[in-house]
Structure formats: C-alpha cells, structure tokens
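Source file: query_14.cif (mmCIF, C-alpha atoms)
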```cif
data_my_file
#
loop_
_atom_site.label_atom_id
_atom_site.label_comp_id
_atom_site.auth_asym_id
_atom_site.auth_seq_id
_atom_site.Cartn_x
_atom_site.Cartn_y
_atom_site.Cartn_z
CA MET N 1 13.59 -19.51 -163.52
CA TYR N 2 14.52 -18.54 -160.01
CA THR N 3 16.55 -20.30 -157.31
CA ILE N 4 15.42 -20.80 -153.75
CA ASN N 5 16.42 -23.15 -150.98
CA PRO N 6 13.29 -24.04 -149.01
CA LEU N 7 14.73 -27.22 -147.49
CA LYS N 8 16.93 -27.34 -144.40
CA PRO N 9 19.38 -30.25 -143.83
CA ALA N 10 17.18 -31.79 -141.14
CA HIS N 11 14.29 -31.60 -143.55
CA MET N 12 16.27 -33.45 -146.19
CA LYS N 13 17.13 -36.27 -143.76
CA ILE N 14 13.46 -36.97 -143.26
CA LYS N 15 12.73 -36.41 -146.89
CA LEU N 16 15.25 -38.96 -148.11
CA ARG N 17 13.47 -41.81 -146.35
CA GLY N 18 11.03 -41.62 -149.22
CA ALA N 19 13.49 -40.86 -152.05
CA LEU N 20 12.65 -42.00 -155.57
CA ILE N 21 13.58 -42.25 -159.25
CA LEU N 22 10.99 -40.44 -161.32
CA LEU N 23 11.23 -39.71 -165.04
CA SER N 24 8.56 -37.01 -165.12
CA ALA N 25 5.56 -35.55 -163.34
CA ALA N 26 3.36 -37.04 -166.05
CA ALA N 27 4.67 -40.52 -165.29
CA LEU N 28 3.88 -39.92 -161.62
CA LEU N 29 0.26 -38.98 -162.29
CA ASN N 30 -0.29 -41.85 -164.73
CA ALA N 31 1.11 -44.39 -162.30
CA CYS N 32 -0.97 -43.03 -159.44
CA THR N 33 -4.14 -42.98 -161.54
CA LYS N 34 -3.65 -46.62 -162.50
CA THR N 35 -3.16 -47.45 -158.84
CA GLN N 36 -6.33 -45.64 -157.85
CA ASN N 37 -8.41 -47.36 -160.51
CA LYS N 38 -7.24 -50.87 -159.66
CA PRO N 39 -7.05 -51.27 -155.86
CA SER N 40 -6.04 -54.61 -154.44
CA SER N 41 -5.57 -55.83 -150.89
CA THR N 42 -3.22 -58.65 -151.86
CA THR N 43 0.39 -58.69 -150.74
CA THR N 44 3.13 -61.30 -150.78
CA ALA N 45 3.93 -63.22 -147.62
CA THR N 46 7.29 -61.46 -147.29
CA VAL N 47 5.72 -57.99 -147.02
CA SER N 48 4.15 -57.33 -143.62
CA LYS N 49 1.13 -55.05 -143.43
CA GLN N 50 2.45 -53.80 -140.12
CA THR N 51 5.79 -52.89 -141.71
CA GLN N 52 4.11 -51.22 -144.66
CA ALA N 53 1.84 -49.25 -142.30
CA SER N 54 4.92 -47.37 -141.12
CA GLN N 55 6.07 -46.43 -144.63
CA ILE N 56 2.58 -45.48 -145.85
CA ALA N 57 2.05 -43.29 -142.78
CA LEU N 58 5.40 -41.54 -143.24
CA ASN N 59 4.68 -40.99 -146.94
CA LEU N 60 1.33 -39.41 -146.06
CA TYR N 61 2.67 -37.20 -143.28
CA GLN N 62 5.71 -36.09 -145.30
CA SER N 63 3.45 -35.21 -148.24
CA LEU N 64 1.10 -33.23 -145.99
CA THR N 65 3.93 -31.29 -144.37
CA GLY N 66 5.77 -30.34 -147.55
CA GLN N 67 8.72 -32.69 -147.12
CA PHE N 68 8.52 -33.67 -150.80
CA GLY N 69 8.59 -29.98 -151.71
CA GLY N 70 4.85 -29.30 -152.12
CA VAL N 71 2.33 -27.32 -150.06
CA ASN N 72 2.77 -27.69 -146.29
CA ILE N 73 -0.52 -27.80 -144.35
CA ASN N 74 1.40 -27.03 -141.15
CA LYS N 75 1.87 -23.45 -142.37
CA GLY N 76 -1.80 -22.63 -141.91
CA VAL N 77 -3.31 -19.97 -144.17
CA SER N 78 -0.06 -18.67 -145.63
CA THR N 79 1.80 -18.57 -148.91
CA PRO N 80 3.51 -21.89 -149.82
CA ALA N 81 7.30 -21.85 -149.77
CA ILE N 82 7.40 -22.91 -153.42
CA ALA N 83 5.51 -19.76 -154.47
CA SER N 84 7.33 -16.66 -155.63
CA SER N 85 8.78 -14.61 -152.79
CA SER N 86 7.08 -11.55 -154.30
CA LEU N 87 3.65 -12.91 -153.38
CA GLN N 88 2.70 -11.50 -149.99
CA THR N 89 1.47 -13.58 -147.09
CA PRO N 90 -1.96 -12.49 -145.78
CA LYS N 91 -2.14 -11.28 -142.21
CA ALA N 92 -5.02 -12.29 -139.96
CA ASN N 93 -7.32 -9.43 -138.97
CA SER N 94 -5.53 -7.02 -141.27
CA THR N 95 -6.49 -5.07 -144.39
CA GLY N 96 -3.07 -5.91 -145.88
CA PHE N 97 -4.14 -9.30 -147.19
CA VAL N 98 -3.90 -10.68 -150.72
CA CYS N 99 -6.88 -12.34 -152.38
CA GLY N 100 -7.44 -13.98 -155.72
CA PHE N 101 -5.46 -16.33 -157.94
CA TYR N 102 -1.74 -16.93 -158.13
CA VAL N 103 -0.41 -19.26 -160.86
CA ASN N 104 3.20 -20.25 -161.54
CA ASP N 105 3.91 -22.89 -164.19
CA GLY N 106 7.68 -22.50 -164.02
CA ILE N 107 8.76 -23.39 -160.49
CA ASN N 108 12.43 -24.40 -160.53
CA TYR N 109 14.94 -24.53 -157.69
CA THR N 110 17.97 -26.47 -156.53
CA THR N 111 18.88 -27.78 -153.10
CA ASN N 112 22.35 -28.69 -151.82
CA VAL N 113 23.12 -30.25 -148.44
CA GLY N 114 26.88 -30.07 -147.95
CA ASP N 115 28.80 -31.70 -150.79
CA THR N 116 26.89 -35.00 -150.73
CA ILE N 117 23.17 -34.45 -151.41
CA LYS N 118 22.10 -32.46 -154.44
CA SER N 119 18.67 -32.16 -156.06
CA ALA N 120 16.71 -30.15 -158.61
CA SER N 121 12.96 -29.53 -158.41
CA HIS N 122 10.49 -28.32 -161.01
CA GLY N 123 6.73 -28.06 -161.24
CA SER N 124 3.73 -25.75 -161.07
CA LEU N 125 1.38 -24.20 -158.52
CA ALA N 126 -2.11 -22.73 -158.68
CA PHE N 127 -3.15 -20.96 -155.48
CA TYR N 128 -6.30 -19.05 -154.53
CA TYR N 129 -6.89 -17.20 -151.25
CA VAL N 130 -10.39 -17.17 -149.81
CA CYS N 131 -11.09 -13.97 -147.87
CA ASP N 132 -13.84 -12.31 -145.92
CA ALA N 133 -14.14 -8.55 -145.44
CA THR N 134 -11.11 -8.30 -143.17
CA HIS N 135 -8.61 -11.12 -143.74
CA ALA N 136 -7.76 -14.40 -145.48
CA ILE N 137 -9.77 -17.30 -144.06
CA GLY N 138 -8.53 -20.15 -146.25
CA TYR N 139 -7.16 -21.18 -149.62
CA LYS N 140 -7.40 -23.63 -152.49
CA ALA N 141 -4.15 -25.05 -153.85
CA SER N 142 -3.15 -27.37 -156.68
CA ASP N 143 0.50 -28.23 -157.28
CA THR N 144 2.67 -30.77 -159.06
CA LEU N 145 6.35 -31.03 -158.16
CA THR N 146 9.16 -33.38 -159.19
CA THR N 147 12.51 -33.53 -157.38
CA ILE N 148 15.42 -35.55 -158.76
CA GLY N 149 18.79 -35.87 -157.06
CA THR N 150 21.70 -37.91 -155.78
CA GLY N 151 23.16 -38.82 -152.42
CA PRO N 152 26.07 -40.98 -151.25
CA GLY N 153 25.59 -44.29 -153.06
CA TYR N 154 22.12 -43.71 -154.46
CA ALA N 155 19.96 -41.64 -156.79
CA PHE N 156 16.44 -40.46 -155.99
CA ALA N 157 13.48 -38.32 -156.95
CA ASP N 158 10.25 -37.25 -155.22
CA GLY N 159 7.00 -36.75 -157.11
CA VAL N 160 3.92 -35.21 -155.53
CA SER N 161 0.62 -33.79 -156.78
CA GLN N 162 -1.64 -32.08 -154.23
CA ASN N 163 -5.12 -30.59 -154.41
CA TYR N 164 -6.24 -28.97 -151.15
CA VAL N 165 -9.08 -26.90 -149.77
CA VAL N 166 -7.93 -25.35 -146.48
CA THR N 167 -10.42 -23.46 -144.30
CA GLY N 168 -9.73 -21.52 -141.11
CA LEU N 169 -12.01 -22.46 -138.23
CA ASN N 170 -11.20 -19.60 -135.86
CA SER N 171 -10.37 -15.89 -136.06
CA ASN N 172 -6.57 -16.27 -136.31
CA ASN N 173 -6.55 -19.44 -138.44
CA SER N 174 -4.69 -21.40 -135.76
CA LEU N 175 -7.19 -24.24 -136.35
CA VAL N 176 -7.85 -25.24 -139.97
CA THR N 177 -9.60 -28.05 -141.77
CA VAL N 178 -8.13 -29.75 -144.86
CA ASP N 179 -9.90 -31.68 -147.63
CA GLY N 180 -8.49 -32.90 -150.93
CA THR N 181 -6.17 -35.43 -152.55
CA ILE N 182 -2.49 -36.35 -152.67
CA LYS N 183 -0.73 -38.47 -155.29
CA SER N 184 2.90 -39.36 -154.67
CA SER N 185 5.58 -41.56 -156.18
CA ILE N 186 8.68 -42.57 -154.22
CA ASN N 187 11.63 -44.64 -155.51
CA ILE N 188 15.32 -45.11 -154.85
CA ILE N 189 18.12 -46.92 -156.66
CA THR N 190 21.56 -47.58 -155.21
CA THR N 191 24.81 -47.67 -157.11
CA LYS N 192 24.77 -51.45 -156.59
CA GLY N 193 21.44 -51.71 -158.40
CA ALA N 194 19.06 -52.25 -155.46
CA LYS N 195 15.65 -50.65 -156.12
CA SER N 196 12.53 -49.78 -154.16
CA SER N 197 9.45 -47.80 -155.11
CA SER N 198 5.95 -46.95 -153.98
CA TYR N 199 2.96 -45.19 -155.54
CA ASN N 200 0.33 -43.67 -153.29
CA VAL N 201 -3.08 -42.02 -153.61
CA PHE N 202 -4.68 -40.40 -150.54
CA THR N 203 -8.17 -38.88 -150.33
CA LEU N 204 -8.41 -36.48 -147.38
CA SER N 205 -11.64 -35.68 -145.58
CA GLY N 206 -12.10 -33.29 -142.66
CA LEU N 207 -8.54 -33.18 -141.32
CA GLN N 208 -8.45 -30.71 -138.42
CA VAL N 209 -4.97 -29.27 -137.93
CA HIS N 210 -4.01 -27.38 -134.76
CA GLU N 211 -1.39 -24.90 -135.99
CA ASP N 212 -0.79 -23.53 -132.49
CA GLN N 213 0.97 -26.75 -131.40
CA ASN N 214 4.62 -27.57 -132.05
CA PRO N 215 4.71 -29.45 -134.28
CA PRO N 216 1.13 -28.88 -135.49
CA ASP N 217 -1.16 -31.81 -134.72
CA ILE N 218 -3.90 -33.44 -136.83
CA THR N 219 -6.58 -34.33 -134.31
CA SER N 220 -9.39 -35.71 -136.49
CA GLY N 221 -10.36 -36.60 -140.05
CA THR N 222 -9.64 -39.50 -142.41
CA ALA N 223 -7.43 -40.36 -145.38
CA VAL N 224 -8.50 -43.23 -147.63
CA PHE N 225 -5.45 -44.66 -149.41
CA VAL N 226 -4.37 -46.99 -152.21
CA THR N 227 -0.68 -47.90 -152.44
CA THR N 228 1.40 -50.21 -154.59
CA GLY N 229 5.10 -50.82 -154.40
CA VAL N 230 8.18 -52.87 -155.12
CA SER N 231 10.86 -53.73 -152.59
CA GLY N 232 13.65 -55.74 -154.19
CA SER N 233 11.89 -58.59 -155.99
CA THR N 234 8.74 -58.31 -153.87
CA THR N 235 5.61 -56.44 -154.99
CA TYR N 236 2.62 -55.41 -152.91
CA ALA N 237 -0.74 -53.64 -153.24
CA LEU N 238 -2.70 -52.38 -150.26
CA TYR N 239 -5.66 -50.14 -149.46
CA GLY N 240 -7.41 -48.90 -146.34
CA THR N 241 -8.23 -45.85 -144.23
CA PHE N 242 -6.23 -43.65 -141.87
CA THR N 243 -8.16 -42.09 -138.98
CA PHE N 244 -6.29 -39.25 -137.27
CA LEU N 245 -6.41 -39.47 -133.47
CA GLY N 246 -4.41 -36.48 -132.27
CA ASN N 247 -1.09 -36.50 -130.41
CA HIS N 248 0.50 -37.22 -133.84
CA LYS N 249 -1.08 -40.67 -133.95
CA ALA N 250 -3.30 -42.35 -136.52
CA LYS N 251 -5.19 -45.64 -136.85
CA ILE N 252 -4.65 -47.53 -140.10
CA ASP N 253 -7.46 -49.91 -141.01
CA TYR N 254 -6.78 -52.42 -143.81
CA TYR N 255 -10.36 -53.69 -143.33
CA ASP N 256 -9.00 -57.06 -142.19
CA SER N 257 -6.45 -55.77 -139.66
CA ILE N 258 -5.82 -52.58 -137.67
CA PHE N 259 -2.60 -50.91 -136.55
CA TYR N 260 -1.67 -47.63 -134.87
CA VAL N 261 1.10 -45.40 -136.20
CA ASP N 262 3.16 -42.54 -134.78
CA LEU N 263 3.23 -40.04 -137.67
CA LEU N 264 6.50 -38.46 -136.53
CA THR N 265 8.56 -41.62 -136.01
CA GLY N 266 6.72 -44.26 -138.06
CA LYS N 267 6.53 -46.61 -135.06
CA VAL N 268 3.66 -49.12 -135.45
CA THR N 269 1.79 -50.88 -132.65
CA THR N 270 -1.21 -53.21 -132.48
CA SER N 271 -2.88 -51.16 -129.73
CA ILE N 272 -3.09 -47.46 -129.01
#
```
With the file now loaded, output its structure as structure tokens.
Amino acid sequence: MYTINPLKPAHMKIKLRGALILLSAAALLNACTKTQNKPSSTTTATVSKQTQASQIALNLYQSLTGQFGGVNINKGVSTPAIASSSLQTPKANSTGFVCGFYVNDGINYTTNVGDTIKSASHGSLAFYYVCDATHAIGYKASDTLTTIGTGPGYAFADGVSQNYVVTGLNSNNSLVTVDGTIKSSINIITTKGAKSSSYNVFTLSGLQVHEDQNPPDITSGTAVFVTTGVSGSTTYALYGTFTFLGNHKAKIDYYDSIFYVDLLTGKVTTSI
C-alpha cells in the first residue's frame, strides 16, 4: 500500500457533484452490465430529459477527466496519476521513454480536504505504452477504482471502470484520439436519509482531444450511453448518443429529442 493525494480541493468540489454509496467495485460492474443489457428510454413524468442531460454529461466528462480518480484523458500520452510514482513518464521525441506493460492490483490512497471531506480509494490499473522507434505514441489502459468517503451531512463513493485506447495524432501528442468504454456508478446518502444514485455505461468512438488547449477540448467523436438512476422516490432509464462539437460542447440525442450541453458547467439548451 502507498499513500498519494492526486486530488486538489477544487477537484473534489467538482467530484462531489457525482458522489455515491458503493459497496464494492464488483457491485459497480454488475450494476452497469445489467444496465447495458437492458436499455430503456422510459422515464417518469417528474424526471426531465433536459435536466438529466446535464447530469449525464457531467458524469461523462468527469469520468473522462479523472475526477472520479481514474485515468484522465486530458493528460495526453502520460502516466496516470493513480500509477506508481516510480513509473516514468515518456517524453516525446526522446530515447528516454518507457514501453511495455505496467500492472498494479493494489492501488490504495486517501484524500483529505480540510477537516470535512475524507475519502479512501482502492482499485487496479493495467497500462501499456505504444511506442515507435523514438517515443511513446499512445497507450492502452484498463482500470477499476472505488472511492468511499464522507462530507458534511452526507456519505458518498465513486465507482469507475475505464478501458481506453489512446493514440497520438501528431509528433508531440498534443492531439490524441480516444476509443473505449466507461462504466460508472454514482450515489449519495444524506444523514437525513435522502438518497440519489445513477449507473452509466458509455461507449466512446473517435474522440479527438486537443491537449494544447486549456482546458483540453474534445472537438469530435461520439459516446453512446445507457443510464439508469433513482432520485428520491423517482426512477428513470435513458439511452442516447453524445456527439462532441468542440468548444466544450456536446449534442445529446435521445432519439426522440435533442439538447446541447456545456461539458464544463452542465448548462443545457435546446439550440446550440
């Protein structure tokens, strides 16, 4: 076991929007698999597709950018923060790169933000650099991470499983493409007994990420999704497709209605 602190306080504020209660990583994967196998577009009248578009988009973006503790696609072709610090980061156009497999089945770390927010994370990572004759040009990554913690008046946990193929598209890997899958589970329970949860499966295809922008921008590609959730006494099940448009925007198509989402703020509109 080793202890690291990869999360900054600002990161945790964003992260806690999607906080959850999760018993184990196995429960996460089972729940997500059931969701993927039984998609449904039905939702109760009290759950707005426009409202849910915001939460689904934030869940996707936070998963992609490592805000649930997993691999962060915004870091380009570099070592994930959850990997051991002894594993070197490859350098573009350098002979000092690292290629081959890296596997860690015992990732454990704690995170404390002041005296109010505390969490513990555990999981595993399999990572493989793809190299040419001079430098790393991409990687394949598979991770599963569970984070359980408490905050003022609530308890939470984040569960995420990611499988990515990341490929550099230019000489310095400032433009990469991402394909793969994400499964996530997000729940929260307050000390007064209020509960909310969501289970999400995303299939990523051809996401182009411009790492040279701040923050990095996804300018094209799609993410097909299936999500189910509970908010109070209301349940919902939705599916559709995200199309990334650049400028941190995405179109969400439920196949019977379309909305546009700001991936940084979660703001939803009916026109771009």
Picked residues, the PyMOL selection byres ((chain N and resi 264) around 9), as a PyMOL selection string
chain N and resi 58+61+248-249+261-263+265-267
Selection to disk with C-alpha atoms, as a tab-separated table (two decimals), in the frame of the given file:
```tsv
chain	number	residue	atom	x	y	z
N	58	LEU	CA	5.40	-41.54	-143.24
N	61	TYR	CA	2.67	-37.20	-143.28
N	248	HIS	CA	0.50	-37.22	-133.84
N	249	LYS	CA	-1.08	-40.67	-133.95
N	261	VAL	CA	1.10	-45.40	-136.20
N	262	ASP	CA	3.16	-42.54	-134.78
N	263	LEU	CA	3.23	-40.04	-137.67
N	265	THR	CA	8.56	-41.62	-136.01
N	266	GLY	CA	6.72	-44.26	-138.06
N	267	LYS	CA	6.53	-46.61	-135.06
```
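The neighbours of N:Leu169 here are the residues that come within 12 Å of it, using only C-alpha atoms and leaving out any residue fewer than 3 positions away in the same chain; they are Gly76, Val77, Ala136, Ile137, Gly138, Val166, Asn172, Asn173, Ser174, Leu175, Val176, Thr177, Val178, Gly206, Leu207, Gln208, Val209, His210 and Glu211 of chain N.
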Which polymer residues have any atom within 9 Å of an atom of N:Asn72, counting all atoms listed in the file, with same-chain residues fewer than 6 positions away left out, as a ChimeraX atom specification?
/N:62-66,80-81
Give me, please, the distance in Å between atom CA of N:Leu60 and atom CA of N:Thr111, quoted to one decimal.
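Spanning atom CA of N:Leu60 to atom CA of N:Thr111 is a straight-line distance of 22.2 Å.
Distances from N:Asn214, N:Thr269, N:Ser197, N:Ser121 to N:Thr51 were compared using all atoms listed in the file, and the smallest one belongs to N:Thr269.
Our summary of the geometry notes that atom CA of N:Lys183 is positioned 16.2 Å from atom CA of N:His122.
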Nearest-residue call for N:Gln162, choices N:Gly229, N:Gly69, N:Gly180, N:Gly106, using all atoms listed in the file:
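Closest residue, counting all atoms listed in the file: N:Gly180.
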Distance atom CA of N:Ser161-atom CA of N:Asp105, one decimal place?
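Computing the Euclidean distance for atom CA of N:Ser161 and atom CA of N:Asp105 yields 13.6 Å.
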Suppose a student applies the PyMOL selection byres ((chain N and resi 226) around 6) to this structure; what residues should they get, written as a count of residues only?
6
N, CA, C and O atoms restored at stretch 102-125 of chain N, emitted as a tab-separated table (two decimals), in the frame of the given file:
```tsv
chain	number	residue	atom	x	y	z
N	102	TYR	N	-3.17	-17.01	-157.87
N	102	TYR	CA	-1.74	-16.93	-158.13
N	102	TYR	C	-1.38	-18.21	-158.88
N	102	TYR	O	-1.69	-19.32	-158.42
N	103	VAL	N	-0.77	-18.09	-160.06
N	103	VAL	CA	-0.41	-19.26	-160.86
N	103	VAL	C	1.05	-19.14	-161.27
N	103	VAL	O	1.48	-18.08	-161.74
N	104	ASN	N	1.81	-20.22	-161.10
N	104	ASN	CA	3.20	-20.25	-161.54
N	104	ASN	C	3.47	-21.61	-162.16
N	104	ASN	O	3.47	-22.63	-161.47
N	105	ASP	N	3.66	-21.64	-163.47
N	105	ASP	CA	3.91	-22.89	-164.19
N	105	ASP	C	5.39	-23.16	-164.38
N	105	ASP	O	5.76	-24.13	-165.05
N	106	GLY	N	6.24	-22.33	-163.80
N	106	GLY	CA	7.68	-22.50	-164.02
N	106	GLY	C	8.47	-22.53	-162.74
N	106	GLY	O	9.51	-21.86	-162.61
N	107	ILE	N	8.02	-23.29	-161.75
N	107	ILE	CA	8.76	-23.39	-160.49
N	107	ILE	C	10.01	-24.25	-160.70
N	107	ILE	O	9.92	-25.39	-161.13
N	108	ASN	N	11.16	-23.69	-160.42
N	108	ASN	CA	12.43	-24.40	-160.53
N	108	ASN	C	13.36	-23.95	-159.41
N	108	ASN	O	13.53	-22.74	-159.20
N	109	TYR	N	13.95	-24.88	-158.69
N	109	TYR	CA	14.94	-24.53	-157.69
N	109	TYR	C	15.86	-25.72	-157.43
N	109	TYR	O	15.53	-26.86	-157.74
N	110	THR	N	17.01	-25.43	-156.87
N	110	THR	CA	17.97	-26.47	-156.53
N	110	THR	C	18.20	-26.47	-155.03
N	110	THR	O	18.02	-25.44	-154.35
N	111	THR	N	18.60	-27.63	-154.51
N	111	THR	CA	18.88	-27.78	-153.10
N	111	THR	C	20.19	-28.54	-152.93
N	111	THR	O	20.38	-29.59	-153.57
N	112	ASN	N	21.09	-28.01	-152.12
N	112	ASN	CA	22.35	-28.69	-151.82
N	112	ASN	C	22.51	-28.81	-150.31
N	112	ASN	O	22.33	-27.82	-149.59
N	113	VAL	N	22.82	-30.02	-149.85
N	113	VAL	CA	23.12	-30.25	-148.44
N	113	VAL	C	24.58	-30.69	-148.37
N	113	VAL	O	24.92	-31.82	-148.71
N	114	GLY	N	25.45	-29.78	-147.95
N	114	GLY	CA	26.88	-30.07	-147.95
N	114	GLY	C	27.36	-30.36	-149.36
N	114	GLY	O	26.90	-29.77	-150.34
N	115	ASP	N	28.28	-31.31	-149.49
N	115	ASP	CA	28.80	-31.70	-150.79
N	115	ASP	C	28.27	-33.06	-151.23
N	115	ASP	O	28.74	-33.61	-152.23
N	116	THR	N	27.28	-33.60	-150.49
N	116	THR	CA	26.89	-35.00	-150.73
N	116	THR	C	25.50	-35.16	-151.31
N	116	THR	O	25.26	-36.10	-152.07
N	117	ILE	N	24.55	-34.31	-150.96
N	117	ILE	CA	23.17	-34.45	-151.41
N	117	ILE	C	22.79	-33.25	-152.28
N	117	ILE	O	22.84	-32.11	-151.82
N	118	LYS	N	22.45	-33.53	-153.51
N	118	LYS	CA	22.10	-32.46	-154.44
N	118	LYS	C	20.81	-32.85	-155.17
N	118	LYS	O	20.62	-34.01	-155.53
N	119	SER	N	19.93	-31.87	-155.37
N	119	SER	CA	18.67	-32.16	-156.06
N	119	SER	C	18.20	-30.94	-156.84
N	119	SER	O	18.61	-29.81	-156.56
N	120	ALA	N	17.34	-31.21	-157.82
N	120	ALA	CA	16.71	-30.15	-158.61
N	120	ALA	C	15.21	-30.43	-158.65
N	120	ALA	O	14.79	-31.57	-158.84
N	121	SER	N	14.41	-29.40	-158.46
N	121	SER	CA	12.96	-29.53	-158.41
N	121	SER	C	12.32	-28.65	-159.47
N	121	SER	O	12.80	-27.54	-159.75
N	122	HIS	N	11.24	-29.14	-160.05
N	122	HIS	CA	10.49	-28.32	-161.01
N	122	HIS	C	9.02	-28.70	-160.94
N	122	HIS	O	8.67	-29.83	-160.58
N	123	GLY	N	8.16	-27.77	-161.28
N	123	GLY	CA	6.73	-28.06	-161.24
N	123	GLY	C	5.89	-26.82	-161.41
N	123	GLY	O	6.34	-25.80	-161.96
N	124	SER	N	4.66	-26.86	-160.92
N	124	SER	CA	3.73	-25.75	-161.07
N	124	SER	C	2.83	-25.65	-159.85
N	124	SER	O	2.66	-26.61	-159.10
N	125	LEU	N	2.25	-24.47	-159.67
N	125	LEU	CA	1.38	-24.20	-158.52
N	125	LEU	C	0.25	-23.27	-158.94
N	125	LEU	O	0.49	-22.25	-159.60
```
